[in-house]
>>> print(open('final_3.txt').read())   # compact mmCIF, C-alpha atoms
# COMPACT_ATOMS: atom_id res chain seq x y z
CA MET A 1 7.79 -8.23 -6.49
CA LEU A 2 5.09 -5.99 -5.07
CA LEU A 3 5.73 -4.63 -1.59
CA HIS A 4 2.65 -3.35 0.21
CA ALA A 5 4.01 -0.50 2.35
CA CYS A 6 2.23 0.81 5.42
CA CYS A 7 4.72 3.66 5.96
CA ALA A 8 8.26 4.76 5.15
CA PRO A 9 9.81 3.87 8.52
CA CYS A 10 8.53 0.29 8.35
CA SER A 11 9.49 -0.19 4.71
CA SER A 12 12.96 1.39 4.83
CA ALA A 13 15.00 -1.55 6.20
CA ILE A 14 12.95 -4.05 4.19
CA VAL A 15 13.56 -2.16 0.96
CA GLU A 16 17.25 -1.84 1.81
CA TRP A 17 17.46 -5.60 2.43
CA MET A 18 15.57 -6.39 -0.78
CA THR A 19 17.67 -4.16 -3.01
CA GLY A 20 20.82 -5.48 -1.34
CA ASN A 21 19.68 -8.98 -2.30
CA GLY A 22 18.89 -8.21 -5.93
CA ILE A 23 15.15 -7.56 -5.51
CA ARG A 24 13.75 -4.28 -6.85
CA PRO A 25 10.29 -4.04 -5.31
CA THR A 26 7.42 -2.06 -6.70
CA ILE A 27 6.02 -0.22 -3.70
CA PHE A 28 2.25 -0.18 -3.32
CA TYR A 29 0.90 2.28 -0.78
CA PHE A 30 -2.64 1.19 0.11
CA ASN A 31 -3.80 2.21 3.58
CA PRO A 32 -7.42 3.42 3.61
CA ASN A 33 -7.51 2.65 7.34
CA ILE A 34 -5.51 5.76 8.22
CA VAL A 35 -7.26 8.80 9.70
CA PRO A 36 -7.38 11.70 9.73
CA LEU A 37 -6.75 12.47 6.05
CA GLU A 38 -3.87 14.79 6.99
CA GLU A 39 -2.13 11.88 8.74
CA TYR A 40 -2.71 9.69 5.68
CA GLU A 41 -1.19 12.33 3.40
CA ILE A 42 1.90 12.74 5.60
CA ARG A 43 2.56 9.00 5.65
CA LYS A 44 1.86 8.69 1.92
CA ASN A 45 4.24 11.51 1.04
CA GLU A 46 7.00 10.05 3.23
CA SER A 47 6.61 6.66 1.53
CA LYS A 48 6.72 8.27 -1.90
CA ARG A 49 9.76 10.38 -0.98
CA HIS A 50 11.62 7.28 0.22
CA ALA A 51 10.81 5.23 -2.91
CA GLU A 52 11.72 8.06 -5.26
CA SER A 53 15.03 8.66 -3.46
CA LEU A 54 15.92 5.05 -4.31
CA GLY A 55 14.59 5.17 -7.87
CA LEU A 56 11.86 2.62 -7.14
CA THR A 57 8.41 2.50 -8.68
CA TRP A 58 5.83 3.76 -6.20
CA ILE A 59 2.07 3.30 -6.65
CA ASP A 60 -0.62 5.17 -4.76
CA GLY A 61 -3.60 2.96 -3.93
CA ASP A 62 -7.05 4.45 -3.62
CA TYR A 63 -8.00 6.09 -0.34
CA ASP A 64 -11.56 5.23 0.55
CA HIS A 65 -11.92 5.28 4.32
CA GLU A 66 -15.69 4.73 4.10
CA GLU A 67 -15.16 1.46 2.20
CA TRP A 68 -12.59 0.41 4.82
CA LEU A 69 -15.06 1.24 7.63
CA GLY A 70 -17.58 -1.01 5.92
CA CYS A 71 -15.00 -3.79 5.87
CA VAL A 72 -14.49 -3.64 9.64
CA SER A 73 -18.11 -2.83 10.52
CA GLY A 74 -19.16 -4.60 13.70
CA LEU A 75 -15.55 -4.98 14.84
CA GLU A 76 -15.02 -1.43 16.09
CA SER A 77 -14.72 -2.42 19.75
CA GLU A 78 -12.24 -5.24 19.09
CA PRO A 79 -8.88 -4.79 20.81
CA GLU A 80 -5.65 -4.25 18.91
CA ARG A 81 -4.53 -7.60 17.46
CA GLY A 82 -8.18 -8.67 17.49
CA HIS A 83 -10.49 -9.62 14.63
CA ARG A 84 -10.69 -6.03 13.33
CA CYS A 85 -6.95 -5.98 12.68
CA GLU A 86 -7.01 -9.28 10.82
CA GLN A 87 -9.94 -8.09 8.71
CA CYS A 88 -8.03 -4.87 7.97
CA PHE A 89 -4.95 -6.85 6.91
CA ALA A 90 -7.06 -9.08 4.66
CA PHE A 91 -8.69 -6.04 3.02
CA ARG A 92 -5.36 -4.35 2.32
CA LEU A 93 -3.53 -7.50 1.23
CA LEU A 94 -6.33 -8.45 -1.15
CA ALA A 95 -5.82 -5.08 -2.81
CA ALA A 96 -2.07 -5.80 -2.94
CA ALA A 97 -2.65 -9.22 -4.52
CA ARG A 98 -4.95 -7.66 -7.11
CA LYS A 99 -2.40 -4.95 -7.88
CA ALA A 100 0.39 -7.53 -8.18
CA HIS A 101 -1.74 -9.55 -10.61
CA GLU A 102 -2.61 -6.43 -12.61
CA LEU A 103 1.10 -5.58 -12.92
CA GLN A 104 2.01 -9.20 -13.71
CA LEU A 105 4.09 -9.45 -10.56
CA ARG A 106 3.66 -12.95 -9.13
CA VAL A 107 4.94 -12.35 -5.58
CA PHE A 108 3.64 -9.84 -3.06
CA THR A 109 4.54 -9.16 0.55
CA THR A 110 3.90 -6.49 3.16
CA THR A 111 5.75 -4.26 5.58
CA LEU A 112 3.00 -4.87 8.13
CA ALA A 113 5.06 -7.84 9.32
CA SER A 114 7.81 -5.48 10.50
CA SER A 115 5.81 -3.95 13.34
CA ARG A 116 6.23 -5.51 16.76
CA TRP A 117 2.72 -4.24 17.54
CA LYS A 118 1.13 -6.52 14.93
CA SER A 119 0.45 -10.26 14.96
CA LEU A 120 2.61 -12.13 12.45
CA GLU A 121 0.09 -14.97 12.46
CA GLN A 122 -2.77 -12.64 11.50
CA ILE A 123 -0.71 -11.03 8.74
CA SER A 124 0.31 -14.43 7.36
CA ARG A 125 -3.28 -15.73 7.42
CA ALA A 126 -4.53 -12.57 5.68
CA GLY A 127 -1.81 -12.71 3.04
CA LEU A 128 -2.36 -16.40 2.31
CA TRP A 129 -6.10 -15.77 2.11
CA ALA A 130 -5.51 -12.92 -0.38
CA GLN A 131 -3.22 -15.21 -2.41
CA GLN A 132 -6.06 -17.74 -2.65
CA GLN A 133 -8.44 -15.05 -3.89
CA VAL A 134 -6.20 -13.89 -6.74
CA GLU A 135 -5.04 -16.67 -9.04
CA GLY A 136 -1.41 -16.56 -10.06
CA THR A 137 -0.17 -14.67 -6.99
CA LEU A 138 2.06 -15.85 -4.19
CA PHE A 139 2.23 -14.21 -0.76
CA TRP A 140 5.70 -14.07 0.74
CA ALA A 141 5.06 -14.45 4.48
CA GLN A 142 8.23 -13.06 6.01
CA ASN A 143 9.10 -12.02 9.55
CA TRP A 144 10.74 -8.67 8.80
CA ARG A 145 11.67 -8.16 12.46
CA LYS A 146 14.54 -10.64 12.42
CA GLY A 147 18.14 -10.34 11.28
CA GLY A 148 18.63 -6.86 12.69
CA LEU A 149 15.98 -5.33 10.43
CA TYR A 150 14.02 -3.81 13.29
CA GLU A 151 17.15 -2.12 14.63
CA ARG A 152 18.09 -0.99 11.10
CA ARG A 153 14.58 0.45 10.70
CA ASN A 154 15.22 2.69 13.69
CA GLN A 155 18.59 3.82 12.26
CA LEU A 156 17.06 4.62 8.87
CA LEU A 157 14.23 6.48 10.57
CA HIS A 158 16.82 9.02 11.74
CA GLU A 159 19.00 8.94 8.60
CA PHE A 160 16.03 9.79 6.34
CA ASN A 161 14.44 12.02 9.00
CA PHE A 162 11.12 10.21 8.52
CA TYR A 163 7.92 11.25 10.18
CA ASN A 164 7.24 8.49 12.74
CA GLN A 165 3.60 7.98 13.68
CA GLN A 166 2.57 6.86 17.14
CA TYR A 167 -0.44 4.69 16.24
CA CYS A 168 -1.28 2.13 13.57
CA GLY A 169 -3.61 4.37 11.63
CA CYS A 170 -7.30 3.84 12.25
CA GLU A 171 -9.44 5.72 14.69
CA PHE A 172 -9.80 2.57 16.79
CA SER A 173 -6.05 2.12 17.21
CA MET A 174 -5.77 5.68 18.55
CA LYS A 175 -7.78 4.63 21.60
CA HIS A 176 -5.29 1.97 22.67
>>> encode(input="final_3.txt", output="structure tokens")
Amino acid sequence: MLLHACCAPCSSAIVEWMTGNGIRPTIFYFNPNIVPLEEYEIRKNESKRHAESLGLTWIDGDYDHEEWLGCVSGLESEPERGHRCEQCFAFRLLAAARKAHELQLRVFTTTLASSRWKSLEQISRAGLWAQQQVEGTLFWAQNWRKGGLYERRNQLLHEFNFYNQQYCGCEFSMKH
């Protein structure tokens, strides 16, 4: 299974749950929405550190913020949870579906669904759309907030001493 990871704090409890249930995810870090570059690098390195500490395969997706800006062009003034966010999710989850297909991993999912600040409906729509674009893939739409996972995320945040960002990632989310 391919797990698209937005950051180490959000992926920690999900990865723990997966490995505890016999699933060894391949972690795909693809987040070209994040600015500034220094912030992106911090989050990327934390995700990599977490995966490596567990002996999991970790893949760095390409960082092309200009391509991402093109993807959300015209949606800059949308509010959080608006059309810009859904377009961002679709862009990132399409890359995850393509990576899953390339690696011959049928199922992909995302840690985006762990954040209480994000719309589960938007994430599910984006993931199912990405699944339709890449033949042979299956998006696992899962609410990663349930079953104590959100609380466990906060415990693991402190146990691993993760850097914990205060905004989603893009320059537009910083304004809200």
>>> closest_residue(input="final_3.txt", among="A:Asn45, A:Asp62, A:Leu103, A:Leu93", to="Gln133 (chain A)", atoms="all atoms listed in the file")
A:Leu93
>>> residues_near_point(input="final_3.txt", point="(2.7, 4.7, -4.1)", cutoff="7 Å", atoms="all atoms listed in the file", output="list in words")
Ile27, Phe28, Tyr29, Lys48, Trp58, Ile59, Asp60 and Gly61 of chain A
>>> residues_near_point(input="final_3.txt", point="(7.0, 2.9, 8.2)", cutoff="12 Å", atoms="only C-alpha atoms", output="ChimeraX atom specification")
/A:4-15,29,31,42-48,50-51,110-115,150,153-154,156-157,160-169
>>> residues_around(input="final_3.txt", residues="region 71-77 of chain A", least_positions_apart="4", cutoff="8 Å", atoms="all atoms listed in the file", output="tab-separated table (two decimals) with C-alpha atoms, keeping the file's coordinate frame")
chain	number	residue	atom	x	y	z
A	67	GLU	CA	-15.16	1.46	2.20
A	83	HIS	CA	-10.49	-9.62	14.63
A	84	ARG	CA	-10.69	-6.03	13.33
A	87	GLN	CA	-9.94	-8.09	8.71
A	88	CYS	CA	-8.03	-4.87	7.97
A	91	PHE	CA	-8.69	-6.04	3.02
A	172	PHE	CA	-9.80	2.57	16.79
>>> closest_residue(input="final_3.txt", among="A:Thr19, A:Glu41, A:Val134, A:Glu80", to="Gly55 (chain A)", atoms="all atoms listed in the file")
A:Thr19
>>> closest_residue(input="final_3.txt", among="A:Gln122, A:Ala100, A:Trp117, A:Asp64", to="Val35 (chain A)", atoms="all atoms listed in the file")
A:Asp64
>>> atom_distance(input="final_3.txt", atom1="CA of Thr26 (chain A)", atom2="CA of Cys170 (chain A)")
24.7 Å
>>> closest_residue(input="final_3.txt", among="A:Ser173, A:Thr57, A:Asn33, A:Thr109", to="Trp140 (chain A)", atoms="only C-alpha atoms")
A:Thr109
>>> atom_distance(input="final_3.txt", atom1="CA of Ala90 (chain A)", atom2="CA of Met174 (chain A)")
20.3 Å
>>> atom_distance(input="final_3.txt", atom1="CA of Ile123 (chain A)", atom2="CA of Phe30 (chain A)")
15.1 Å
>>> closest_residue(input="final_3.txt", among="A:Gly127, A:Gly82, A:Pro36, A:Gly22", to="Ala97 (chain A)", atoms="all atoms listed in the file")
A:Gly127
>>> closest_residue(input="final_3.txt", among="A:Gly136, A:Gly147, A:Gly70, A:Pro32", to="Arg92 (chain A)", atoms="only C-alpha atoms")
A:Pro32
>>> axis_aligned_box(input="final_3.txt", around="region 166-175 of chain A", padding_each_side="6 Å", output="AutoDock Vina command-line options")
--center_x -3.6 --center_y 4.5 --center_z 16.6 --size_x 24.4 --size_y 16.7 --size_z 22.0
>>> decode(input="final_3.txt", residues="region 67-144 of chain A", atoms="C-alpha atoms", output="short mmCIF file (atom, residue, chain, number, x, y, z; two decimals), in the first residue's frame")
data_model
loop_
_atom_site.label_atom_id
_atom_site.label_comp_id
_atom_site.auth_asym_id
_atom_site.auth_seq_id
_atom_site.Cartn_x
_atom_site.Cartn_y
_atom_site.Cartn_z
CA GLU A 67 3.47 23.68 -11.10
CA TRP A 68 1.29 23.51 -7.99
CA LEU A 69 0.52 27.26 -8.26
CA GLY A 70 -0.59 26.64 -11.83
CA CYS A 71 -2.91 23.90 -10.58
CA VAL A 72 -4.69 26.25 -8.17
CA SER A 73 -4.51 29.35 -10.39
CA GLY A 74 -7.67 31.41 -10.09
CA LEU A 75 -8.51 29.89 -6.71
CA GLU A 76 -6.08 31.92 -4.60
CA SER A 77 -8.79 33.83 -2.74
CA GLU A 78 -10.84 30.72 -1.92
CA PRO A 79 -11.27 30.08 1.81
CA GLU A 80 -9.77 27.08 3.57
CA ARG A 81 -11.90 24.02 2.74
CA GLY A 82 -12.90 25.77 -0.49
CA HIS A 83 -12.30 24.78 -4.10
CA ARG A 84 -8.56 25.51 -3.90
CA CYS A 85 -8.11 22.86 -1.22
CA GLU A 86 -10.00 20.25 -3.19
CA GLN A 87 -7.96 21.04 -6.30
CA CYS A 88 -4.78 20.75 -4.21
CA PHE A 89 -5.88 17.36 -2.87
CA ALA A 90 -6.69 16.13 -6.38
CA PHE A 91 -3.27 17.25 -7.66
CA ARG A 92 -1.40 15.49 -4.86
CA LEU A 93 -3.52 12.35 -4.86
CA LEU A 94 -3.18 11.98 -8.63
CA ALA A 95 0.58 11.95 -8.10
CA ALA A 96 0.09 9.32 -5.37
CA ALA A 97 -2.06 7.15 -7.65
CA ARG A 98 0.56 7.40 -10.39
CA LYS A 99 3.34 6.49 -7.96
CA ALA A 100 1.32 3.54 -6.62
CA HIS A 101 0.78 2.30 -10.18
CA GLU A 102 4.47 2.75 -11.02
CA LEU A 103 5.43 0.69 -7.94
CA GLN A 104 2.73 -1.91 -8.68
CA LEU A 105 0.95 -1.09 -5.44
CA ARG A 106 -2.79 -1.33 -6.06
CA VAL A 107 -4.06 0.60 -3.02
CA PHE A 108 -3.21 4.15 -2.02
CA THR A 109 -4.45 6.37 0.78
CA THR A 110 -3.50 9.67 2.40
CA THR A 111 -2.77 11.15 5.79
CA LEU A 112 -4.65 14.29 4.73
CA ALA A 113 -7.77 12.63 6.14
CA SER A 114 -6.29 12.79 9.65
CA SER A 115 -6.46 16.57 9.97
CA ARG A 116 -9.53 18.02 11.63
CA TRP A 117 -8.91 21.16 9.59
CA LYS A 118 -9.57 19.37 6.29
CA SER A 119 -12.81 18.24 4.67
CA LEU A 120 -13.10 14.44 4.56
CA GLU A 121 -15.60 14.76 1.71
CA GLN A 122 -13.16 16.78 -0.40
CA ILE A 123 -10.33 14.33 0.28
CA SER A 124 -12.53 11.35 -0.61
CA ARG A 125 -13.74 12.99 -3.84
CA ALA A 126 -10.17 13.87 -4.82
CA GLY A 127 -8.89 10.37 -4.06
CA LEU A 128 -11.70 8.65 -5.95
CA TRP A 129 -11.13 11.01 -8.88
CA ALA A 130 -7.40 10.14 -8.87
CA GLN A 131 -8.29 6.43 -8.75
CA GLN A 132 -10.41 6.90 -11.89
CA GLN A 133 -7.50 8.59 -13.67
CA VAL A 134 -5.00 5.79 -13.01
CA GLU A 135 -6.20 2.36 -14.09
CA GLY A 136 -5.52 -0.46 -11.67
CA THR A 137 -5.44 1.70 -8.53
CA LEU A 138 -7.84 1.80 -5.62
CA PHE A 139 -8.17 4.74 -3.23
CA TRP A 140 -8.76 3.76 0.38
CA ALA A 141 -11.00 6.54 1.71
CA GLN A 142 -10.52 6.29 5.45
CA ASN A 143 -11.40 8.63 8.30
CA TRP A 144 -8.11 8.55 10.19
#
